[in-house]
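Colleague: Pasting data13.cif below, which is mmCIF, C-alpha atoms and all ligand atoms.
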```cif
data_query
loop_
_atom_site.label_atom_id
_atom_site.label_comp_id
_atom_site.auth_asym_id
_atom_site.auth_seq_id
_atom_site.Cartn_x
_atom_site.Cartn_y
_atom_site.Cartn_z
CA MET A 1 0.00 0.00 0.00
CA ASN A 2 1.23 3.47 -0.85
CA ARG A 3 0.32 6.42 1.36
CA THR A 4 0.13 10.00 0.12
CA ILE A 5 0.84 12.79 2.59
CA SER A 6 0.13 16.44 1.80
CA GLY A 7 1.47 19.53 3.48
CA SER A 8 -0.47 20.53 6.60
CA ASN A 9 -1.52 23.98 7.87
CA GLY A 10 -1.09 22.88 11.48
CA LEU A 11 -1.47 19.87 13.72
CA ARG A 12 -3.67 20.18 16.80
CA GLY A 13 -5.04 17.96 19.49
CA THR A 14 -4.28 15.26 22.01
CA ILE A 15 -3.16 11.82 21.03
CA ILE A 16 -2.66 8.55 22.86
CA VAL A 17 0.53 6.93 21.64
CA PRO A 18 0.50 3.10 21.65
CA GLY A 19 2.29 1.10 24.32
CA ASP A 20 6.05 0.75 24.45
CA LYS A 21 7.35 -2.01 22.19
CA SER A 22 10.39 -2.93 24.31
CA VAL A 23 8.33 -3.03 27.51
CA SER A 24 5.53 -5.05 25.85
CA HIS A 25 7.90 -7.81 24.67
CA ARG A 26 9.56 -8.09 28.07
CA ALA A 27 6.32 -7.94 30.05
CA VAL A 28 4.87 -11.02 28.36
CA MET A 29 8.16 -12.94 28.34
CA ILE A 30 8.63 -12.30 32.06
CA GLY A 31 4.93 -13.05 32.64
CA ALA A 32 5.42 -16.44 30.93
CA LEU A 33 8.35 -17.27 33.22
CA GLY A 34 6.45 -16.11 36.32
CA GLU A 35 4.50 -18.47 38.53
CA GLY A 36 0.87 -17.49 38.00
CA VAL A 37 -1.22 -15.10 35.92
CA SER A 38 0.30 -11.74 34.97
CA GLU A 39 -1.80 -8.91 33.59
CA VAL A 40 -0.28 -6.49 31.11
CA ARG A 41 -2.37 -3.38 30.42
CA LYS A 42 -1.85 -1.10 27.39
CA PHE A 43 0.11 -3.87 25.69
CA LEU A 44 1.25 -2.86 22.20
CA THR A 45 -0.94 -4.97 19.91
CA ALA A 46 1.38 -4.48 16.92
CA ALA A 47 3.07 -7.08 14.73
CA ASP A 48 6.36 -7.29 16.69
CA PRO A 49 5.01 -7.96 20.21
CA LYS A 50 2.43 -10.29 18.62
CA SER A 51 5.35 -12.35 17.30
CA THR A 52 6.59 -12.71 20.87
CA LEU A 53 3.15 -13.81 22.07
CA GLU A 54 2.92 -16.38 19.28
CA CYS A 55 6.35 -17.82 20.12
CA LEU A 56 5.35 -18.12 23.78
CA SER A 57 2.06 -19.74 22.82
CA ALA A 58 3.88 -22.33 20.68
CA LEU A 59 5.94 -23.07 23.81
CA GLY A 60 2.79 -23.93 25.76
CA ILE A 61 2.00 -20.57 27.35
CA GLU A 62 -1.68 -19.68 27.42
CA TYR A 63 -2.77 -16.08 27.12
CA ASP A 64 -5.86 -14.07 26.35
CA VAL A 65 -6.10 -10.60 24.88
CA ARG A 66 -9.04 -8.30 25.59
CA ASP A 67 -8.65 -4.90 23.89
CA ASP A 68 -5.16 -3.95 25.00
CA VAL A 69 -5.04 -6.10 28.14
CA VAL A 70 -3.09 -9.34 27.92
CA ARG A 71 -3.30 -11.97 30.63
CA VAL A 72 -0.39 -14.38 30.48
CA HIS A 73 -0.62 -17.70 32.33
CA GLY A 74 2.96 -18.05 33.52
CA ARG A 75 4.28 -21.56 34.15
CA GLY A 76 7.48 -20.70 36.01
CA LEU A 77 11.09 -20.84 34.82
CA HIS A 78 10.80 -24.50 33.86
CA GLY A 79 7.27 -24.53 32.47
CA LEU A 80 7.92 -23.98 28.75
CA ARG A 81 7.13 -27.03 26.59
CA ARG A 82 9.02 -28.39 23.64
CA THR A 83 7.56 -27.77 20.21
CA ASP A 84 8.71 -29.32 16.96
CA ARG A 85 7.35 -26.31 15.06
CA ALA A 86 9.81 -23.55 14.18
CA LEU A 87 9.17 -20.43 16.26
CA ASP A 88 8.59 -17.46 13.97
CA ALA A 89 9.93 -14.11 15.24
CA GLY A 90 8.61 -12.33 12.11
CA ASN A 91 10.33 -8.96 11.68
CA SER A 92 11.23 -8.65 15.36
CA GLY A 93 14.88 -8.57 16.41
CA THR A 94 13.84 -8.21 20.05
CA THR A 95 11.76 -11.42 19.86
CA MET A 96 14.57 -13.37 18.25
CA ARG A 97 17.42 -12.20 20.47
CA LEU A 98 15.57 -12.30 23.80
CA MET A 99 13.91 -15.66 23.05
CA THR A 100 17.34 -17.06 22.16
CA GLY A 101 18.46 -16.20 25.70
CA ILE A 102 15.43 -17.93 27.21
CA LEU A 103 15.63 -21.00 24.94
CA ALA A 104 19.37 -21.47 25.52
CA GLY A 105 18.62 -22.61 29.09
CA GLN A 106 15.82 -25.09 28.35
CA THR A 107 16.08 -28.86 28.49
CA PHE A 108 14.79 -29.20 24.92
CA PRO A 109 15.84 -27.96 21.47
CA SER A 110 14.07 -25.18 19.52
CA ILE A 111 14.30 -23.48 16.14
CA LEU A 112 13.84 -19.73 15.69
CA THR A 113 13.14 -18.23 12.26
CA GLY A 114 12.25 -14.78 10.98
CA ASP A 115 11.22 -12.89 7.85
CA GLU A 116 13.67 -11.90 5.12
CA SER A 117 14.88 -8.77 6.90
CA LEU A 118 15.34 -10.53 10.26
CA SER A 119 17.11 -13.44 8.55
CA ARG A 120 19.80 -10.99 7.42
CA ARG A 121 20.38 -9.45 10.86
CA PRO A 122 23.49 -10.34 12.91
CA MET A 123 22.98 -12.95 15.63
CA ARG A 124 26.64 -13.61 16.49
CA ARG A 125 26.35 -10.93 19.17
CA VAL A 126 24.03 -13.24 21.16
CA ILE A 127 25.42 -16.60 19.99
CA GLU A 128 28.96 -15.81 21.13
CA PRO A 129 28.30 -14.86 24.79
CA LEU A 130 25.56 -17.49 25.17
CA SER A 131 28.04 -20.12 23.96
CA ARG A 132 30.39 -19.01 26.72
CA MET A 133 27.56 -19.82 29.11
CA GLY A 134 27.48 -23.34 27.68
CA ALA A 135 24.66 -22.84 25.17
CA VAL A 136 24.81 -24.73 21.89
CA ILE A 137 23.37 -22.68 19.02
CA GLU A 138 23.67 -23.39 15.31
CA SER A 139 23.11 -20.69 12.71
CA SER A 140 23.94 -20.03 9.07
CA GLU A 141 27.64 -19.61 8.29
CA ARG A 142 27.12 -15.86 8.50
CA PHE A 143 25.68 -16.16 12.04
CA THR A 144 22.15 -15.37 10.90
CA ALA A 145 18.78 -17.09 11.46
CA PRO A 146 17.38 -19.69 11.36
CA LEU A 147 18.83 -20.51 14.76
CA ARG A 148 18.81 -24.05 16.11
CA ILE A 149 19.11 -23.79 19.88
CA MET A 150 19.93 -27.14 21.46
CA GLY A 151 18.94 -26.18 25.02
CA HIS A 152 21.33 -26.76 27.89
CA PHE A 153 20.46 -26.73 31.59
CA PRO A 154 22.02 -25.48 33.75
CA LEU A 155 24.04 -22.85 31.94
CA LYS A 156 27.26 -21.38 33.39
CA ALA A 157 27.12 -17.94 34.95
CA ILE A 158 29.59 -15.55 33.31
CA GLU A 159 30.86 -12.04 33.68
CA TYR A 160 30.49 -10.33 30.33
CA GLU A 161 31.71 -6.94 29.23
CA MET A 162 29.50 -5.80 26.36
CA PRO A 163 31.64 -5.16 23.26
CA LEU A 164 28.87 -3.02 21.73
CA PRO A 165 25.90 -1.29 23.36
CA SER A 166 22.80 -3.46 22.89
CA ALA A 167 19.81 -3.81 25.16
CA GLN A 168 18.72 -6.85 23.21
CA VAL A 169 22.00 -8.69 23.85
CA LYS A 170 22.04 -7.59 27.49
CA SER A 171 18.48 -8.82 27.99
CA ALA A 172 19.17 -12.14 26.23
CA LEU A 173 22.06 -12.73 28.65
CA LEU A 174 19.97 -11.72 31.67
CA PHE A 175 17.28 -14.21 30.64
CA ALA A 176 19.90 -16.92 30.10
CA GLY A 177 21.31 -15.99 33.53
CA LEU A 178 18.02 -17.13 35.08
CA TYR A 179 18.98 -20.64 33.91
CA ALA A 180 22.64 -20.46 35.05
CA GLU A 181 24.29 -21.68 38.23
CA GLY A 182 25.44 -18.62 40.17
CA THR A 183 25.46 -14.91 39.40
CA THR A 184 25.71 -13.60 35.84
CA ARG A 185 27.24 -10.11 35.65
CA ILE A 186 26.90 -7.88 32.61
CA ILE A 187 29.02 -4.75 32.28
CA GLU A 188 27.94 -1.99 29.89
CA HIS A 189 30.01 1.02 28.90
CA VAL A 190 26.93 2.80 27.63
CA ALA A 191 23.81 2.26 29.71
CA THR A 192 21.15 0.95 27.32
CA ARG A 193 17.41 0.61 27.98
CA ASP A 194 16.94 -1.07 31.33
CA HIS A 195 13.36 -2.37 31.22
CA THR A 196 14.38 -6.01 31.80
CA GLU A 197 16.34 -5.19 34.95
CA ARG A 198 13.54 -2.95 36.26
CA MET A 199 10.88 -5.59 35.67
CA LEU A 200 12.92 -8.39 37.24
CA GLY A 201 14.06 -6.09 40.07
CA LEU A 202 17.75 -6.88 39.42
CA LYS A 203 20.72 -5.40 41.24
CA THR A 204 22.46 -2.66 39.25
CA SER A 205 25.47 -0.53 40.16
CA ASP A 206 27.89 1.94 38.66
CA ALA A 207 31.47 0.69 38.98
CA PRO A 208 34.71 2.11 37.51
CA VAL A 209 34.49 -0.59 34.79
CA GLY A 210 31.02 0.56 33.75
CA HIS A 211 27.37 0.03 34.50
CA VAL A 212 26.84 -3.42 36.09
CA VAL A 213 23.71 -5.61 36.15
CA GLU A 214 23.55 -8.90 38.03
CA VAL A 215 21.09 -11.76 37.87
CA GLU A 216 20.90 -14.81 40.17
CA GLY A 217 20.28 -18.15 38.51
CA GLY A 218 16.99 -19.79 39.53
CA MET A 219 15.40 -16.63 40.96
CA LYS A 220 11.66 -16.99 41.40
CA ILE A 221 9.53 -14.67 39.26
CA GLU A 222 6.29 -13.47 40.81
CA PRO A 223 3.27 -12.79 38.60
CA ARG A 224 2.59 -9.09 38.20
CA GLN A 225 0.18 -6.41 37.07
CA LEU A 226 1.81 -3.92 34.79
CA VAL A 227 0.76 -0.88 32.77
CA VAL A 228 2.86 -0.33 29.66
CA PRO A 229 3.83 3.33 29.14
CA GLY A 230 3.31 5.03 25.76
CA ASP A 231 6.33 4.42 23.54
CA ILE A 232 8.64 7.45 23.40
CA SER A 233 10.18 6.03 20.22
CA SER A 234 6.72 6.23 18.60
CA ALA A 235 5.97 9.59 20.23
CA ALA A 236 9.20 10.84 18.60
CA PHE A 237 7.47 11.01 15.21
CA LEU A 238 4.66 13.18 16.56
CA LEU A 239 7.11 15.38 18.48
CA ALA A 240 9.00 15.93 15.23
CA ALA A 241 5.79 16.67 13.35
CA GLY A 242 4.67 19.15 16.01
CA LEU A 243 8.00 20.98 15.81
CA ILE A 244 8.37 21.24 12.04
CA VAL A 245 4.76 21.83 10.92
CA PRO A 246 3.87 25.52 11.45
CA ASN A 247 0.85 26.39 13.68
CA SER A 248 0.99 23.13 15.60
CA GLU A 249 0.32 22.28 19.22
CA ILE A 250 0.00 18.62 20.18
CA THR A 251 -0.29 16.87 23.54
CA LEU A 252 0.91 13.28 23.83
CA THR A 253 -0.36 11.49 26.91
CA ASN A 254 1.27 8.84 29.15
CA ILE A 255 4.66 8.74 27.48
CA GLY A 256 7.41 6.64 29.07
CA LEU A 257 10.27 8.91 30.18
CA ASN A 258 12.77 6.28 31.31
CA PRO A 259 16.15 8.12 31.23
CA THR A 260 17.65 5.41 28.99
CA ARG A 261 15.00 6.26 26.37
CA SER A 262 14.30 9.98 26.62
CA LYS A 263 17.55 11.56 25.38
CA ILE A 264 15.70 12.66 22.24
CA LEU A 265 14.01 15.35 24.34
CA ASP A 266 17.41 16.91 25.17
CA VAL A 267 18.46 16.82 21.51
CA LEU A 268 15.24 18.48 20.32
CA ARG A 269 15.35 21.12 23.05
CA SER A 270 19.00 21.92 22.27
CA ILE A 271 17.95 23.22 18.82
CA GLY A 272 15.07 25.28 20.19
CA GLY A 273 12.32 22.64 20.25
CA ARG A 274 9.44 23.78 22.46
CA ILE A 275 8.56 20.63 24.39
CA GLU A 276 7.12 20.64 27.90
CA ILE A 277 6.73 17.68 30.24
CA LEU A 278 3.44 17.84 32.13
CA ASP A 279 2.43 15.81 35.17
CA GLN A 280 5.55 13.65 35.55
CA ARG A 281 4.85 10.51 37.63
CA THR A 282 6.04 6.92 38.18
CA VAL A 283 3.82 4.00 37.20
CA ALA A 284 4.89 0.36 37.68
CA GLY A 285 8.52 1.36 38.18
CA GLU A 286 8.74 3.46 35.00
CA PRO A 287 8.69 7.28 34.93
CA LEU A 288 6.05 8.80 32.64
CA GLY A 289 4.46 12.11 31.77
CA ASP A 290 2.46 13.97 29.14
CA LEU A 291 4.38 15.90 26.50
CA ARG A 292 3.24 19.15 24.91
CA VAL A 293 4.98 20.20 21.71
CA ARG A 294 4.60 23.42 19.73
CA SER A 295 5.94 24.47 16.32
CA SER A 296 9.40 25.95 16.76
CA ASP A 297 12.07 27.89 14.90
CA LEU A 298 14.77 25.26 14.90
CA GLU A 299 18.37 26.35 14.75
CA GLY A 300 21.65 24.71 15.77
CA SER A 301 23.64 21.60 15.08
CA ILE A 302 22.66 18.04 15.83
CA ASP A 303 25.79 15.98 16.41
CA LEU A 304 25.21 12.34 17.26
CA SER A 305 28.25 10.20 18.01
CA GLY A 306 29.59 7.85 20.71
CA ALA A 307 27.15 7.16 23.56
CA LYS A 308 24.56 9.53 22.08
CA VAL A 309 23.99 7.09 19.21
CA ALA A 310 23.04 4.19 21.49
CA GLU A 311 20.96 6.52 23.66
CA SER A 312 18.72 7.53 20.77
CA ILE A 313 19.23 4.56 18.45
CA ASP A 314 15.60 4.19 17.32
CA GLU A 315 15.04 7.94 17.02
CA ILE A 316 17.92 8.63 14.62
CA PRO A 317 15.82 8.45 11.42
CA VAL A 318 13.31 11.00 12.70
CA LEU A 319 16.06 13.16 14.22
CA ALA A 320 17.55 13.34 10.73
CA ILE A 321 14.19 14.57 9.43
CA VAL A 322 14.14 17.25 12.14
CA GLY A 323 17.72 18.10 11.10
CA ALA A 324 16.54 18.59 7.52
CA PHE A 325 14.15 21.31 8.75
CA THR A 326 16.70 22.94 11.07
CA LYS A 327 19.10 25.74 10.24
CA GLY A 328 22.35 23.96 11.04
CA THR A 329 24.39 20.84 10.43
CA PHE A 330 23.27 17.28 11.12
CA THR A 331 26.15 14.85 11.74
CA LEU A 332 25.85 11.17 12.58
CA ARG A 333 28.99 9.13 13.39
CA ASP A 334 29.80 5.82 15.16
CA ALA A 335 26.45 4.44 14.00
CA ALA A 336 27.49 1.52 11.76
CA ASP A 337 25.04 -0.71 13.67
CA LEU A 338 22.19 1.25 12.07
CA ARG A 339 23.00 -0.69 8.90
CA HIS A 340 21.72 -3.82 10.71
CA LYS A 341 18.30 -2.68 11.83
CA GLU A 342 14.99 -3.56 10.13
CA SER A 343 16.67 -2.05 7.04
CA ASP A 344 20.08 -0.55 6.40
CA ARG A 345 18.91 2.71 7.95
CA ILE A 346 21.96 4.69 6.85
CA ARG A 347 21.32 3.80 3.23
CA ALA A 348 17.55 4.23 3.55
CA MET A 349 17.91 7.71 5.09
CA VAL A 350 20.61 8.85 2.67
CA ASP A 351 18.66 7.70 -0.42
CA ASN A 352 15.41 9.22 0.72
CA LEU A 353 16.90 12.49 2.05
CA ARG A 354 18.51 12.96 -1.37
CA LYS A 355 15.10 12.46 -2.98
CA ILE A 356 13.67 15.36 -0.98
CA GLY A 357 16.55 17.64 -1.98
CA ILE A 358 19.12 17.26 0.79
CA ASP A 359 22.76 17.08 -0.21
CA VAL A 360 23.92 14.22 2.02
CA GLU A 361 27.43 12.91 2.53
CA GLU A 362 27.28 9.20 3.33
CA ARG A 363 29.92 7.46 5.45
CA GLU A 364 30.28 3.86 6.52
CA ASP A 365 29.18 4.75 10.06
CA GLY A 366 26.78 7.62 9.45
CA PHE A 367 26.00 10.64 7.29
CA ALA A 368 26.07 14.42 7.39
CA PHE A 369 24.21 17.31 5.76
CA GLU A 370 23.15 20.93 6.08
CA GLY A 371 19.50 21.45 6.91
CA LYS A 372 16.89 23.94 5.73
CA LYS A 373 17.47 23.70 1.98
CA ASP A 374 14.52 24.01 -0.39
CA LEU A 375 12.98 20.64 0.21
CA LEU A 376 10.66 18.83 -2.16
CA ALA A 377 7.98 16.23 -1.69
CA ALA A 378 8.97 12.99 -3.46
CA GLU A 379 8.19 9.31 -3.76
CA ILE A 380 9.90 7.53 -0.90
CA ASP A 381 10.85 3.90 -0.51
CA SER A 382 10.11 2.72 3.05
CA PHE A 383 12.55 -0.19 2.63
CA LEU A 384 9.75 -2.06 4.49
CA ASP A 385 11.05 -0.38 7.65
CA HIS A 386 8.42 1.12 9.97
CA ARG A 387 10.65 3.91 11.25
CA ILE A 388 11.71 4.99 7.76
CA ALA A 389 8.07 5.13 6.61
CA MET A 390 6.98 7.19 9.63
CA SER A 391 9.98 9.55 9.41
CA PHE A 392 9.21 10.55 5.82
CA GLY A 393 5.48 10.65 6.52
CA VAL A 394 6.26 13.36 9.07
CA ALA A 395 8.47 15.22 6.56
CA GLY A 396 5.57 15.15 4.07
CA LEU A 397 3.37 17.10 6.49
CA ALA A 398 5.86 19.97 6.44
CA LEU A 399 6.36 20.10 2.65
CA LYS A 400 4.36 21.52 -0.21
CA GLY A 401 3.14 18.94 -2.68
CA GLU A 402 2.46 15.29 -2.20
CA MET A 403 4.83 12.84 -0.55
CA VAL A 404 4.22 9.23 -1.48
CA ILE A 405 5.43 6.55 0.95
CA ARG A 406 5.75 3.12 -0.63
CA ASN A 407 4.73 0.05 1.41
CA ALA A 408 3.44 2.35 4.13
CA GLU A 409 1.64 -0.50 5.92
CA CYS A 410 4.97 -1.51 7.51
CA VAL A 411 4.17 0.98 10.31
CA ASP A 412 2.07 -1.85 11.78
CA ILE A 413 5.30 -3.33 13.16
CA SER A 414 5.31 -0.79 15.99
CA TYR A 415 2.52 1.76 15.47
CA PRO A 416 -0.76 0.51 14.00
CA GLY A 417 -2.99 3.54 13.45
CA PHE A 418 -0.08 5.92 12.81
CA TRP A 419 -1.44 7.29 9.53
CA GLU A 420 -4.93 7.70 11.00
CA GLY A 421 -3.37 9.49 14.01
CA LEU A 422 -1.72 12.02 11.67
CA GLU A 423 -5.08 12.61 9.96
CA GLN A 424 -6.80 13.10 13.30
CA LEU A 425 -4.28 15.81 14.26
CA GLN A 426 -4.94 17.65 11.00
CA HIS A 427 -8.66 17.85 11.55
CA SER A 428 -9.00 18.51 15.26
C1 LIG B 1 15.55 -2.85 21.66
C2 LIG B 1 16.87 -2.50 21.63
C3 LIG B 1 17.48 -1.79 20.50
C4 LIG B 1 16.43 -1.12 19.63
C5 LIG B 1 15.27 -2.02 19.32
C6 LIG B 1 14.60 -2.48 20.60
C7 LIG B 1 15.06 -3.62 22.82
O1 LIG B 1 18.21 -2.69 19.71
O2 LIG B 1 17.01 -0.66 18.44
O3 LIG B 1 14.30 -1.35 18.53
O4 LIG B 1 13.84 -3.75 23.01
O5 LIG B 1 15.90 -4.12 23.57
P1 LIG B 1 19.75 -3.08 20.05
O6 LIG B 1 19.74 -3.69 21.38
O7 LIG B 1 20.15 -4.04 18.98
O8 LIG B 1 20.51 -1.79 19.97
#
```
Spit out the file's structure as structure tokens when you get a sec.

Modeller:
Amino acid sequence: MNRTISGSNGLRGTIIVPGDKSVSHRAVMIGALGEGVSEVRKFLTAADPKSTLECLSALGIEYDVRDDVVRVHGRGLHGLRRTDRALDAGNSGTTMRLMTGILAGQTFPSILTGDESLSRRPMRRVIEPLSRMGAVIESSERFTAPLRIMGHFPLKAIEYEMPLPSAQVKSALLFAGLYAEGTTRIIEHVATRDHTERMLGLKTSDAPVGHVVEVEGGMKIEPRQLVVPGDISSAAFLLAAGLIVPNSEITLTNIGLNPTRSKILDVLRSIGGRIEILDQRTVAGEPLGDLRVRSSDLEGSIDLSGAKVAESIDEIPVLAIVGAFTKGTFTLRDAADLRHKESDRIRAMVDNLRKIGIDVEEREDGFAFEGKKDLLAAEIDSFLDHRIAMSFGVAGLALKGEMVIRNAECVDISYPGFWEGLEQLQHS
């Protein structure tokens, strides 16, 4: 499906952003390993978390979904059942990597597969440390899916210094640590999203070597009631739209403001973005608040490198769009891992930014350009990547003419109803 977006005279209104994708995956995985029924409210009923639910169901976990409330019937750490069916993670890297951690410690073998994009993504980053814990995992020669996980219980606890920042790898190891004898210690040099440790109530500390998380093998997981916060990575598209479309004022309610996720707010404010946090509170161990954004005269440089890349990894495509509408330079470095997301996001952004009239310099680990040129609406390839489609959809609202987004339905991966949400803001 193609989607055509026309320039808008102003976006107005209040919008409820769907539940956080990272939190939704973890909530149902942890619910499945808990002893009893867990209730997850405001679960993100999008394609990616649904892949997680389907994998858990194939492993014998019962659940029911009513509107956006999921009740997961946890069977404890050792309650998953063998299936001879391959487990399909779809497009979801989080499903594949976190489930690999859980399956590594089972007493039975499993197979994990994914769609074409996921089957190209690097899995060595989880296979290598899990093998050190005693896991036996076969993959393609290039360390990609399908993964055949033999299952080995108990695993060995390890101390592991993360060679690259990745919340997915960290979480996979924490899950595997539940099936290890002793204490597994993970050391991060850049603190990545910490939803797994918050939900499991793990011990964390800041040591001279880095940020440390510890998990005890065999810990008992209690069932829980949890409310998923609105996803700040989804809210990012609406924040960007509110800033770059003139005459806009939008309120986004119940947005998760976990400090490992909310660095985008600092970046946007540093170039003059008018964003206010209203009614900040803590719900189920996660900070949240409402965000009010108004159109702004954006000026200044956006320079993303080092830790800043990991801290706003999913927001980089839309930050580049904001950069295109800002008087100043946009520079992205140290971001080679972006080439291994749902698409090669460096290539996807560079190609599409050029189509709208930006003179972009591409590098292996990023790209750079000057913003605020005369930009043109164009026909954009989404590369079947939800965040690329939404980023250029937002740009289309701020341009004259018609922007066409190819394969725009891919937004269903993380934000079903995104296009309808944009329409609602134009008419309220
Ligand atoms: C995620 C971690 C990030 C992020 C992804 C979700 C998670 O990936 O890009 O969208 O839920 O842990 P990496 O851990 O590979 O950086």

Colleague: So that all listed atoms of ligand LIG 1 (chain B) fit with 3 Å spare on each side, what axis-aligned box centre and edge lengths in Å, to one decimal, would you give as JSON?

Modeller:
```
{"center_x": 17.2, "center_y": -2.4, "center_z": 21.0, "size_x": 12.7, "size_y": 9.5, "size_z": 11.1}
```

Colleague: Rounded to one decimal in Å, what is the spacing between atom CA of A:Ile250 and atom CA of A:Leu278?

Modeller: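 That distance, rounded to one decimal, is 12.5 Å.
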
Colleague: Please identify every polymer residue within 7 Å of ligand LIG 1 (chain B), using only C-alpha atoms and all ligand atoms, and present the set as number ranges by chain.

Modeller: A: 21-22, 94, 165-169, 171, 193, 310, 313-314

Colleague: Keeping C-alpha atoms for every residue in the selection just given, could you write it to a file as a short mmCIF file (atom, residue, chain, number, x, y, z; two decimals), keeping the file's coordinate frame?

Modeller:
```cif
data_model
loop_
_atom_site.label_atom_id
_atom_site.label_comp_id
_atom_site.auth_asym_id
_atom_site.auth_seq_id
_atom_site.Cartn_x
_atom_site.Cartn_y
_atom_site.Cartn_z
CA LYS A 21 7.35 -2.01 22.19
CA SER A 22 10.39 -2.93 24.31
CA THR A 94 13.84 -8.21 20.05
CA PRO A 165 25.90 -1.29 23.36
CA SER A 166 22.80 -3.46 22.89
CA ALA A 167 19.81 -3.81 25.16
CA GLN A 168 18.72 -6.85 23.21
CA VAL A 169 22.00 -8.69 23.85
CA SER A 171 18.48 -8.82 27.99
CA ARG A 193 17.41 0.61 27.98
CA ALA A 310 23.04 4.19 21.49
CA ILE A 313 19.23 4.56 18.45
CA ASP A 314 15.60 4.19 17.32
#
```

Colleague: Quick one: residues within 9 Å of A:Ile15, all atoms listed in the file counted, chain neighbours fewer than 2 positions away excluded, as a PDB file with C-alpha atoms, keeping the file's coordinate frame?

Modeller:
```
ATOM      1  CA  GLY A  13      -5.040  17.960  19.490  1.00  0.00           C
ATOM      2  CA  VAL A  17       0.530   6.930  21.640  1.00  0.00           C
ATOM      3  CA  ILE A 250       0.000  18.620  20.180  1.00  0.00           C
ATOM      4  CA  THR A 251      -0.290  16.870  23.540  1.00  0.00           C
ATOM      5  CA  LEU A 252       0.910  13.280  23.830  1.00  0.00           C
ATOM      6  CA  THR A 253      -0.360  11.490  26.910  1.00  0.00           C
ATOM      7  CA  GLY A 421      -3.370   9.490  14.010  1.00  0.00           C
ATOM      8  CA  GLN A 424      -6.800  13.100  13.300  1.00  0.00           C
ATOM      9  CA  LEU A 425      -4.280  15.810  14.260  1.00  0.00           C
TER      10      LEU A 425
END
```

Colleague: Please provide the set of residues having any atom within 8 Å of A:Arg12, restricted to only C-alpha atoms, with same-chain residues fewer than 3 positions apart removed, written as a list in words.

Modeller: Ser248, Glu249, Ile250, Leu425, Gln426, His427 and Ser428 of chain A

Colleague: Using the block above, I'd like stretch 192-201 of chain A written out, keeping N, CA, C and O atoms and formatting it as a compact mmCIF listing (two decimals), in the first residue's frame.

Modeller:
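File produced: out10.txt:
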```txt
# COMPACT_ATOMS: atom_id res chain seq x y z
N THR A 192 22.24 1.05 28.28
CA THR A 192 21.15 0.95 27.32
C THR A 192 19.83 0.73 28.06
O THR A 192 19.83 0.60 29.29
N ARG A 193 18.73 0.69 27.32
CA ARG A 193 17.41 0.61 27.98
C ARG A 193 17.39 -0.51 29.02
O ARG A 193 17.88 -1.61 28.77
N ASP A 194 16.80 -0.18 30.18
CA ASP A 194 16.94 -1.07 31.33
C ASP A 194 15.61 -1.67 31.77
O ASP A 194 15.41 -1.95 32.95
N HIS A 195 14.69 -1.88 30.83
CA HIS A 195 13.36 -2.37 31.22
C HIS A 195 13.42 -3.78 31.82
O HIS A 195 12.68 -4.09 32.72
N THR A 196 14.31 -4.64 31.29
CA THR A 196 14.38 -6.01 31.80
C THR A 196 14.80 -5.99 33.27
O THR A 196 14.18 -6.64 34.12
N GLU A 197 15.86 -5.20 33.56
CA GLU A 197 16.34 -5.19 34.95
C GLU A 197 15.29 -4.57 35.89
O GLU A 197 15.09 -5.02 37.01
N ARG A 198 14.58 -3.54 35.40
CA ARG A 198 13.54 -2.95 36.26
C ARG A 198 12.44 -3.96 36.53
O ARG A 198 11.98 -4.10 37.66
N MET A 199 12.00 -4.65 35.49
CA MET A 199 10.88 -5.59 35.67
C MET A 199 11.26 -6.77 36.54
O MET A 199 10.44 -7.27 37.29
N LEU A 200 12.50 -7.24 36.43
CA LEU A 200 12.92 -8.39 37.24
C LEU A 200 13.43 -7.94 38.61
O LEU A 200 13.73 -8.76 39.46
N GLY A 201 13.56 -6.62 38.80
CA GLY A 201 14.06 -6.09 40.07
C GLY A 201 15.51 -6.49 40.31
O GLY A 201 15.87 -6.88 41.42
```
